[in-house]
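**Student:** Structure in structure tokens, see below.
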Amino acid sequence: MLLAPALDVGTALLWGVFATGVLTLLMAASQGLGWSRMSLPFMIGSMFTSHRSRAMVLGFTFHFAFGMAFALLYALVFEDWRRATWWLGGLLGTFHGLFMLIVVMPALPDLHPRMAGKHHGPTPTRQLEPPGFMGLNYGRNTPAITLVAHILYGVLLGTFY
Amino acid sequence: MPDADDRYAPIEDYALIGDCASAALVGKRGSIDWLCWPRFDSPSIFARLLDADDGGHFWVRPVADFSVERRYRPDTNVLETTFTTERGVLRLTDLMPVAGREAYRRELWPEHEILRKVECVAGTVEVDVRCDPRLDYGRIDPALDDRGPHGVFYNHEGSVLIVRSELPLVLARGRGALHGQVLLQEGEQALLSLTYDEGEPAVLPLLGEHAEARIERSVAFWREWAGRCEYDGPYREAVVRSALTLKLMTYAPSGAIVAAPTTSLPEAIGGERNWDYRYCWLRDAALTLRALYDLGYEEEGRAFFSWLLHATRLTAPELSVLYDVHGHARLEERTLEHLEGYRGSTPVRIGNGAHDQLQLDTYGELVSAAYEFVQREQTLDAWHARLLRTLGNEVCERWREPDEGIWEVRSGRHHHTFSKAMCWVALDRLLELHETGYVSVPADRYRETCGAIRAAIEERGYNEKLDSYVATFDGDRVDASLLLLPMYGYVEASAPRMRSTFARIHEELAQDGLLYRYPHGTDDGFSSREGAFGICSFWDEELFARLGRVEEARENLELTLSYANDLGLFAEEIDPDTGAFLGNFPQAFTHVGLINAALALEKARTDASLSPDLPA
């Protein structure tokens with residue numbers, strides 16, 4: 001079953017926005033408190049522009065859009081399992097967070113047009129520090145914070161969907 | 001352990017580089033001994049200036065003995081230090097890259113960067129490099145993470161320092177120091193970059209031709225800025241250097257100008273007169289604004305005035321003596337016991353206890369700045385007009401109170417003549433703005449208070465026996481701040497009482513072209529003896545010029561200028577006996593004084609239709 005007929009798009013999007021907001025808040029707080037330099041909005045926005053302010057605005061927009069898209073994906077899984085609970089959401093969030101840290105982060109230099117390659121120095125077009133395995137380059141607390149933020153994202157969707 | 005004097009360079013041996021948000025001091029021996037990031041009053045990255053052993057530093061210099069010459073590249077804040085050894089000549093270029101706003105939109109920039117270019121221009125020179133960051137005023141020896149082609153990273157609590165170098169560097173000591181020695185042949189060069197980012201993924205600095213381009217872009221930025229200086233009179237080079245130094249000490253995001261980029265450089269070696277000057281004082285606000293406008297820097301003048309009113313509205317109707325670059329007034333003073341202090345001068349202080357002092361003169365200085373702004377811009381918005389009226393009303397309420405005075409003495413409150421005069425100035429300027437329609441004030445009340453203040457000053461602030469205005473009511477000591485009375489319009493420079501005061505101040509406070517701010521032995525709460533005060537010396541020359549005594553103004557100005565270091569920079573104080581600098585360095589207000597003295601001299605020269613041969 002690819003598309004569950006009972007998928008509640010409105011609820012998924014609504015709680016997707018809320019869960020993304022909480023995830024963003026947690027990540028931003030960890031930046032402000034000096035626990036991590038991981039900034040998903042900046043990393044996303046700087047794919048499109050080197051203008052810092054514009055990158056942040058674009059990044060926030062895309063980040064929320066991604067958050068809502070993932071909420072639909074989570075909702076599909078809940079529909080497929082015919083149940084949505086906080087712990088199922090948490091499990092999905094754990095998988096989501098680990099996937100980001102272990103697969104996406106190390107691959108980011110190959111995907112991001114302004115990020116320096118893993119094995120080469122910076123170039124005029126690629127100067128952004130790569131995150132490294134599990135985002136550890138951005139601070140040793142980065143994996144834990146990113147994982148917790150994504151688990152919380154899943155828990156919120158699992159609870160309120 | 002070597003004597004403290006051998007481990008610390010003289011203050012005048014330092015040069016300033018910066019990026020209009022932060023600054024570093026570079027010594028004659030190629031060592032960056034003071035750096036605070038991300039802004040002027042942040043905890044230090046390098047603080048060898050205050051602790052030769054554990055403060056942290058970044059040096060690039062020849063291994064062999066050398067002699068040194070240095071200069072700023074003309075009309076820039078890009079420093080060139082040339083080391084000459086027996087076997088070759090090495091040139092070191094130091095700067096914090098800057099550029100126009102457009103460049104920041106086109107490219108990703110690290111939040112801050114120091115770029116160092118080393119070139120062997122003759123023979124061969126073995127170069128010694130050592131980078132040893134110690135964060136938080138030397139308290140943290142950060143862990144190092146070598147990421148190969150991306151550089152060496154120091155991660156600490158959400159911020160990151162990155163060292164990238166074209167010279168091979170290896171781990172030298174403990175956790176964090178990098179070291180390298182490389183033989184350079186004539187024509188060879190290398191670049192080193194130290195960057196800072198916080199809160200976000202870092203931007204890795206480019207070296208090679210791209211770093212060269214950043215140097216040239218910075219040179220162009222500074223030259224374009226210096227080229228906007230409209231002053232074309234005598235001592236132009238000193239005036240432009242002062243303007244460039246003020247620009248370096250301007251926190252561009254807010255327009256605030258810090259008094260100095262350093263803390264706790266002592267006013268008396270080994271003494272306790274060690275203060276944190278990395279904040280913005282209201283004192284001299286009007287004179288700073290006047291200097292900026294008279295030189296043609298309207299944008300900087302507007303930004304500075306905007307910061308003044310932004311900061312003061314947060315505390316109005318009370319005014320703090322000083323604010324940080326964002327306008328915060330609660331700057332708790334603390335001492336750093338773990339630092340040795342410059343040549344053993346303790347305590348090292350951060351924050352500034354003067355923030356809770358009462359200085360009534362600040363009302364006059366702020367209102368004068370507003371008056372100056374209105375004269376130039378012909379506008380004042382209603383909100384600012386209301387703020388000024390609030391301040392005027394506060395002056396009417398409080399002018400009878402004793403205060404700590406302009407010099408922030410820590411010996412209690414007194415009735416300072418200068419403070420009272422500045423209360424008069426505040427009300428007088430507000431009345432003028434009222435008459436021209438920019439503000440609306442209770443004019444009768446202000447006139448009455450003005451009259452009462454003047455009567456009190458003339459009766460109790462003037463000592464008939466000394467034939468001079470005096471520092472405090474019913475006192476018998478003079479004070480250099482009284483030289484400002486004509487500059488703020490309280491009294492004509494040529495008025496008999498002012499002339500005799502000027503003569504008395506000269507007699508008691510002048511020495512070898514310099515001026516002390518008050519007589520030795522004045523109870524200011526400290527026992528150590530301080531040096532002559534740089535800005536007071538320039539006030540002295542400005543007053544000579546205002547009196548039309550152009551030759552004396554010129555002679556004295558040249559004498560005072562001769563105390564500048566080899567780069568044209570001044571500290572807060574100077575020891576007249578040795579010429580050594582004392583106090584925080586470089587001092588913005590000393591350079592404001594220099595600019596205003598040169599402007600006054602040029603005006604006097606023009607007014608008198610004199611054309612003596614004055615140097616350019």
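Labels for the structure tokens follow display order: chains A, B, ..., residues from 1 in each chain, ligands from 1.
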Restrict the distance test to only C-alpha atoms, flag each residue of chain A within 6 Å of chain B, and return the flagged residues as a CSV table (one decimal) with all heavy atoms, in the first residue's frame.
**Tutor:**
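Writing done, so here's iface_16.csv:
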```
chain,number,residue,atom,x,y,z
A,31,GLN,N,23.0,25.9,19.5
A,31,GLN,CA,24.0,26.8,18.9
A,31,GLN,C,24.2,28.0,19.9
A,31,GLN,O,25.4,28.4,20.1
A,31,GLN,CB,23.5,27.4,17.6
A,31,GLN,CG,23.5,26.4,16.4
A,31,GLN,CD,22.8,27.0,15.2
A,31,GLN,OE1,21.6,26.8,14.9
A,31,GLN,NE2,23.5,27.9,14.5
A,34,GLY,N,26.3,27.2,22.8
A,34,GLY,CA,27.7,26.8,22.4
A,34,GLY,C,27.9,25.3,22.4
A,34,GLY,O,29.0,24.8,22.5
A,35,TRP,N,26.8,24.6,22.3
A,35,TRP,CA,26.9,23.1,22.3
A,35,TRP,C,27.3,22.5,21.0
A,35,TRP,O,27.8,21.5,20.8
A,35,TRP,CB,25.6,22.4,22.8
A,35,TRP,CG,25.3,22.8,24.3
A,35,TRP,CD1,26.2,23.2,25.2
A,35,TRP,CD2,24.1,22.7,25.0
A,35,TRP,NE1,25.6,23.4,26.4
A,35,TRP,CE2,24.3,23.1,26.3
A,35,TRP,CE3,22.8,22.3,24.6
A,35,TRP,CZ2,23.3,23.1,27.2
A,35,TRP,CZ3,21.8,22.3,25.5
A,35,TRP,CH2,22.0,22.7,26.8
A,36,SER,N,26.8,23.2,19.9
A,36,SER,CA,27.0,22.7,18.6
A,36,SER,C,27.0,23.9,17.6
A,36,SER,O,26.3,24.9,17.8
A,36,SER,CB,25.9,21.7,18.2
A,36,SER,OG,26.0,21.4,16.8
A,37,ARG,N,27.7,23.8,16.5
A,37,ARG,CA,27.7,24.8,15.4
A,37,ARG,C,26.8,24.3,14.3
A,37,ARG,O,26.8,25.0,13.2
A,37,ARG,CB,29.1,25.2,15.0
A,37,ARG,CG,29.9,26.0,16.0
A,37,ARG,CD,31.2,26.4,15.5
A,37,ARG,NE,32.1,25.4,15.3
A,37,ARG,CZ,32.6,24.9,14.2
A,37,ARG,NH1,32.2,25.4,13.0
A,37,ARG,NH2,33.4,23.9,14.1
A,38,MET,N,26.1,23.2,14.4
A,38,MET,CA,25.3,22.7,13.4
A,38,MET,C,24.1,23.7,13.2
A,38,MET,O,23.3,24.0,14.1
A,38,MET,CB,24.7,21.4,13.8
A,38,MET,CG,23.6,20.9,12.8
A,38,MET,SD,24.3,19.9,11.5
A,38,MET,CE,24.1,18.3,12.3
A,39,SER,N,24.0,24.3,12.0
A,39,SER,CA,22.9,25.2,11.6
A,39,SER,C,22.2,24.6,10.4
A,39,SER,O,22.7,24.9,9.2
A,39,SER,CB,23.3,26.6,11.5
A,39,SER,OG,22.3,27.4,10.9
A,50,SER,N,25.6,32.9,-1.3
A,50,SER,CA,26.6,33.1,-0.3
A,50,SER,C,26.3,34.3,0.6
A,50,SER,O,27.1,34.7,1.5
A,50,SER,CB,28.0,33.3,-1.0
A,50,SER,OG,27.8,34.3,-2.0
A,51,HIS,N,25.2,35.0,0.3
A,51,HIS,CA,24.8,36.1,1.2
A,51,HIS,C,24.2,35.5,2.5
A,51,HIS,O,23.1,34.8,2.4
A,51,HIS,CB,23.7,36.9,0.4
A,51,HIS,CG,23.3,38.2,1.0
A,51,HIS,ND1,22.9,38.3,2.3
A,51,HIS,CD2,23.3,39.4,0.5
A,51,HIS,CE1,22.6,39.5,2.6
A,51,HIS,NE2,22.9,40.3,1.5
A,120,HIS,N,40.2,17.7,0.2
A,120,HIS,CA,40.9,18.8,-0.5
A,120,HIS,C,40.7,20.1,0.3
A,120,HIS,O,39.7,20.2,1.0
A,120,HIS,CB,40.3,19.0,-1.9
A,120,HIS,CG,40.4,17.8,-2.8
A,120,HIS,ND1,41.6,17.3,-3.3
A,120,HIS,CD2,39.4,16.9,-3.1
A,120,HIS,CE1,41.3,16.2,-3.9
A,120,HIS,NE2,40.0,15.9,-3.8
A,121,GLY,N,41.6,21.0,0.2
A,121,GLY,CA,41.4,22.3,0.8
A,121,GLY,C,40.3,23.1,0.2
A,121,GLY,O,39.7,22.6,-0.8
A,127,GLN,N,34.0,26.8,0.3
A,127,GLN,CA,34.7,27.2,1.5
A,127,GLN,C,34.1,26.8,2.8
A,127,GLN,O,34.7,27.0,3.9
A,127,GLN,CB,34.8,28.7,1.5
A,127,GLN,CG,35.9,29.3,0.6
A,127,GLN,CD,36.0,30.8,0.8
A,127,GLN,OE1,35.4,31.5,0.0
A,127,GLN,NE2,36.7,31.2,1.8
A,128,LEU,N,32.9,26.2,2.7
A,128,LEU,CA,32.2,25.9,4.0
A,128,LEU,C,32.8,24.6,4.6
A,128,LEU,O,33.0,23.6,3.9
A,128,LEU,CB,30.7,25.7,3.7
A,128,LEU,CG,29.7,26.1,4.7
A,128,LEU,CD1,29.9,27.6,5.2
A,128,LEU,CD2,28.3,26.0,4.2
A,129,GLU,N,32.9,24.7,5.9
A,129,GLU,CA,33.5,23.6,6.7
A,129,GLU,C,32.5,22.4,6.6
A,129,GLU,O,31.3,22.5,6.9
A,129,GLU,CB,33.6,24.0,8.1
A,129,GLU,CG,34.0,22.9,9.1
A,129,GLU,CD,33.8,23.4,10.6
A,129,GLU,OE1,33.2,24.4,10.8
A,129,GLU,OE2,34.4,22.7,11.4
```
**Student:** Would you work out the distance separating CA of Ser42 in chain B from CA of Thr262 in chain B, expressed in Å to one decimal?
**Tutor:**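 One can read the CA of Ser42 in chain B to CA of Thr262 in chain B distance as 10.7 Å.
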**Student:** With a distance cut-off of 8 Å and only C-alpha atoms, select the neighbouring residues of range 56-66 of chain A, excluding the residue or stretch itself and same-chain residues fewer than 6 positions from it, and output the selection as a list in words.
**Tutor:**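 Using only C-alpha atoms, the neighbours found are Val17, Thr20, Gly21, Leu40, Pro41, Phe42, Met43, Ile44, Gly45 and Ser46 of chain A.
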**Student:** Just list the residues in range 79-206 of chain B DSSP gives strand (DSSP E or B) on the backbone, as a PyMOL selection string.
**Tutor:** chain B and resi 79-84+88-95+112-132+140+145-146+152-156+159-165+170-173+177-185+189-198+203
**Student:** Can you tell me how far CA of Lys117 in chain B sits from CA of Asp19 in chain B, in Å to one decimal?
**Tutor:**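 Computed distance, CA of Lys117 in chain B to CA of Asp19 in chain B, equals 17.0 Å.
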**Student:** If we count only C-alpha atoms, what is near Ile45 in chain B at a cut-off of 10 Å, once residues fewer than 5 positions away on the same chain are taken out, given as a count of residues only?
**Tutor:** 21
**Student:** Nearest residue to Leu76 in chain A out of A:Ala12, A:Pro131, A:Val22, A:Ser30, using only C-alpha atoms?
**Tutor:**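 Closest candidate: A:Ala12.
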**Student:** Considering only C-alpha atoms, can you say which of B:Ser468, B:Gln359, B:Ser562, B:Thr335 comes closest to Leu514 in chain B?
**Tutor:**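 The answer is B:Ser562, which sits nearest to Leu514 in chain B.
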**Student:** Excluding His415 in chain B and any residue of its chain fewer than 5 positions from it, enumerate the residues within 6 Å of it, using only C-alpha atoms, and give them as a list of chain:residue names.
**Tutor:**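 So, after excluding close chain neighbours, the residues are B:Pro402, B:Thr472, B:Phe473.
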**Student:** Just want the 9 Å neighbourhood of range 83-88 of chain B, counted on only C-alpha atoms, with same-chain residues fewer than 2 positions away dropped. Output as a list in words.
**Tutor:**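 Close residues of range 83-88 of chain B: Arg29, Gly30, Arg61, Pro62, Ala64, Asp65, Phe66, Ser67, Val68, Glu69, Arg70, Thr81, Leu90, Arg91, Leu92, Cys120, Val121, Ala122, Gly123, Thr124, Val125, Gln185 and Glu186 of chain B.
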**Student:** Atoms to include: N, CA and C atoms. Write the selected residues as a tab-separated table (two decimals), in the first residue's frame.
**Tutor:**
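Saved file out.tsv follows:
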```tsv
chain	number	residue	atom	x	y	z
B	29	ARG	N	58.27	42.93	17.36
B	29	ARG	CA	58.95	41.66	17.13
B	29	ARG	C	58.04	40.64	16.44
B	30	GLY	N	56.99	41.15	15.81
B	30	GLY	CA	56.15	40.28	14.99
B	30	GLY	C	55.17	39.43	15.77
B	61	ARG	N	58.54	35.74	12.98
B	61	ARG	CA	59.73	36.60	13.05
B	61	ARG	C	60.96	35.81	12.65
B	62	PRO	N	62.06	36.48	12.35
B	62	PRO	CA	63.29	35.75	12.02
B	62	PRO	C	63.84	35.05	13.26
B	64	ALA	N	67.12	34.61	13.64
B	64	ALA	CA	68.35	35.35	13.98
B	64	ALA	C	68.01	36.73	14.55
B	65	ASP	N	69.01	37.37	15.13
B	65	ASP	CA	68.82	38.74	15.62
B	65	ASP	C	68.44	39.65	14.46
B	66	PHE	N	67.68	40.64	14.75
B	66	PHE	CA	67.21	41.52	13.66
B	66	PHE	C	66.98	42.93	14.17
B	67	SER	N	66.97	43.85	13.19
B	67	SER	CA	66.49	45.21	13.48
B	67	SER	C	65.14	45.36	12.78
B	68	VAL	N	64.35	46.32	13.22
B	68	VAL	CA	62.98	46.41	12.73
B	68	VAL	C	62.66	47.82	12.23
B	69	GLU	N	61.97	47.85	11.11
B	69	GLU	CA	61.31	49.09	10.66
B	69	GLU	C	59.89	48.72	10.34
B	70	ARG	N	58.99	49.63	10.56
B	70	ARG	CA	57.61	49.30	10.22
B	70	ARG	C	56.84	50.55	9.84
B	81	THR	N	55.87	45.19	8.63
B	81	THR	CA	57.03	45.17	9.52
B	81	THR	C	58.18	44.56	8.74
B	90	LEU	N	63.28	40.36	5.78
B	90	LEU	CA	61.97	39.70	5.80
B	90	LEU	C	60.89	40.76	5.99
B	91	ARG	N	59.86	40.69	5.17
B	91	ARG	CA	58.75	41.65	5.33
B	91	ARG	C	57.50	40.89	5.77
B	92	LEU	N	56.88	41.40	6.83
B	92	LEU	CA	55.66	40.78	7.36
B	92	LEU	C	54.51	41.78	7.20
B	120	CYS	N	60.37	37.00	1.95
B	120	CYS	CA	61.80	37.24	2.03
B	120	CYS	C	62.16	38.17	0.86
B	121	VAL	N	62.53	39.39	1.17
B	121	VAL	CA	62.76	40.36	0.09
B	121	VAL	C	64.24	40.49	-0.27
B	122	ALA	N	65.13	39.92	0.55
B	122	ALA	CA	66.56	39.92	0.20
B	122	ALA	C	67.26	38.81	0.97
B	123	GLY	N	68.24	38.17	0.35
B	123	GLY	CA	69.04	37.15	1.02
B	123	GLY	C	68.20	35.95	1.43
B	124	THR	N	68.57	35.38	2.57
B	124	THR	CA	67.80	34.25	3.13
B	124	THR	C	67.48	34.56	4.59
B	125	VAL	N	66.31	34.14	4.99
B	125	VAL	CA	65.90	34.36	6.38
B	125	VAL	C	65.19	33.12	6.90
B	185	GLN	N	64.05	31.80	0.93
B	185	GLN	CA	65.02	32.43	0.03
B	185	GLN	C	64.41	33.70	-0.55
B	186	GLU	N	65.26	34.56	-1.05
B	186	GLU	CA	64.79	35.80	-1.66
B	186	GLU	C	63.70	35.52	-2.69
```
**Student:** Can you pull out every residue within 12 Å of Arg83 in chain A, counting only C-alpha atoms, but drop anything in the same chain fewer than 5 positions away, and send it as a list in words?
**Tutor:** Ala6, Leu7, Tyr74, Ala75, Leu76, Val77, Phe78, Leu88, Gly89, Leu157, Gly158, Thr159, Phe160 and Tyr161 of chain A
**Student:** CA of Pro10 in chain B and CA of Tyr196 in chain B, how far apart in Å?
**Tutor:**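 Between CA of Tyr196 in chain B and CA of Pro10 in chain B the gap works out to 28.1 Å.
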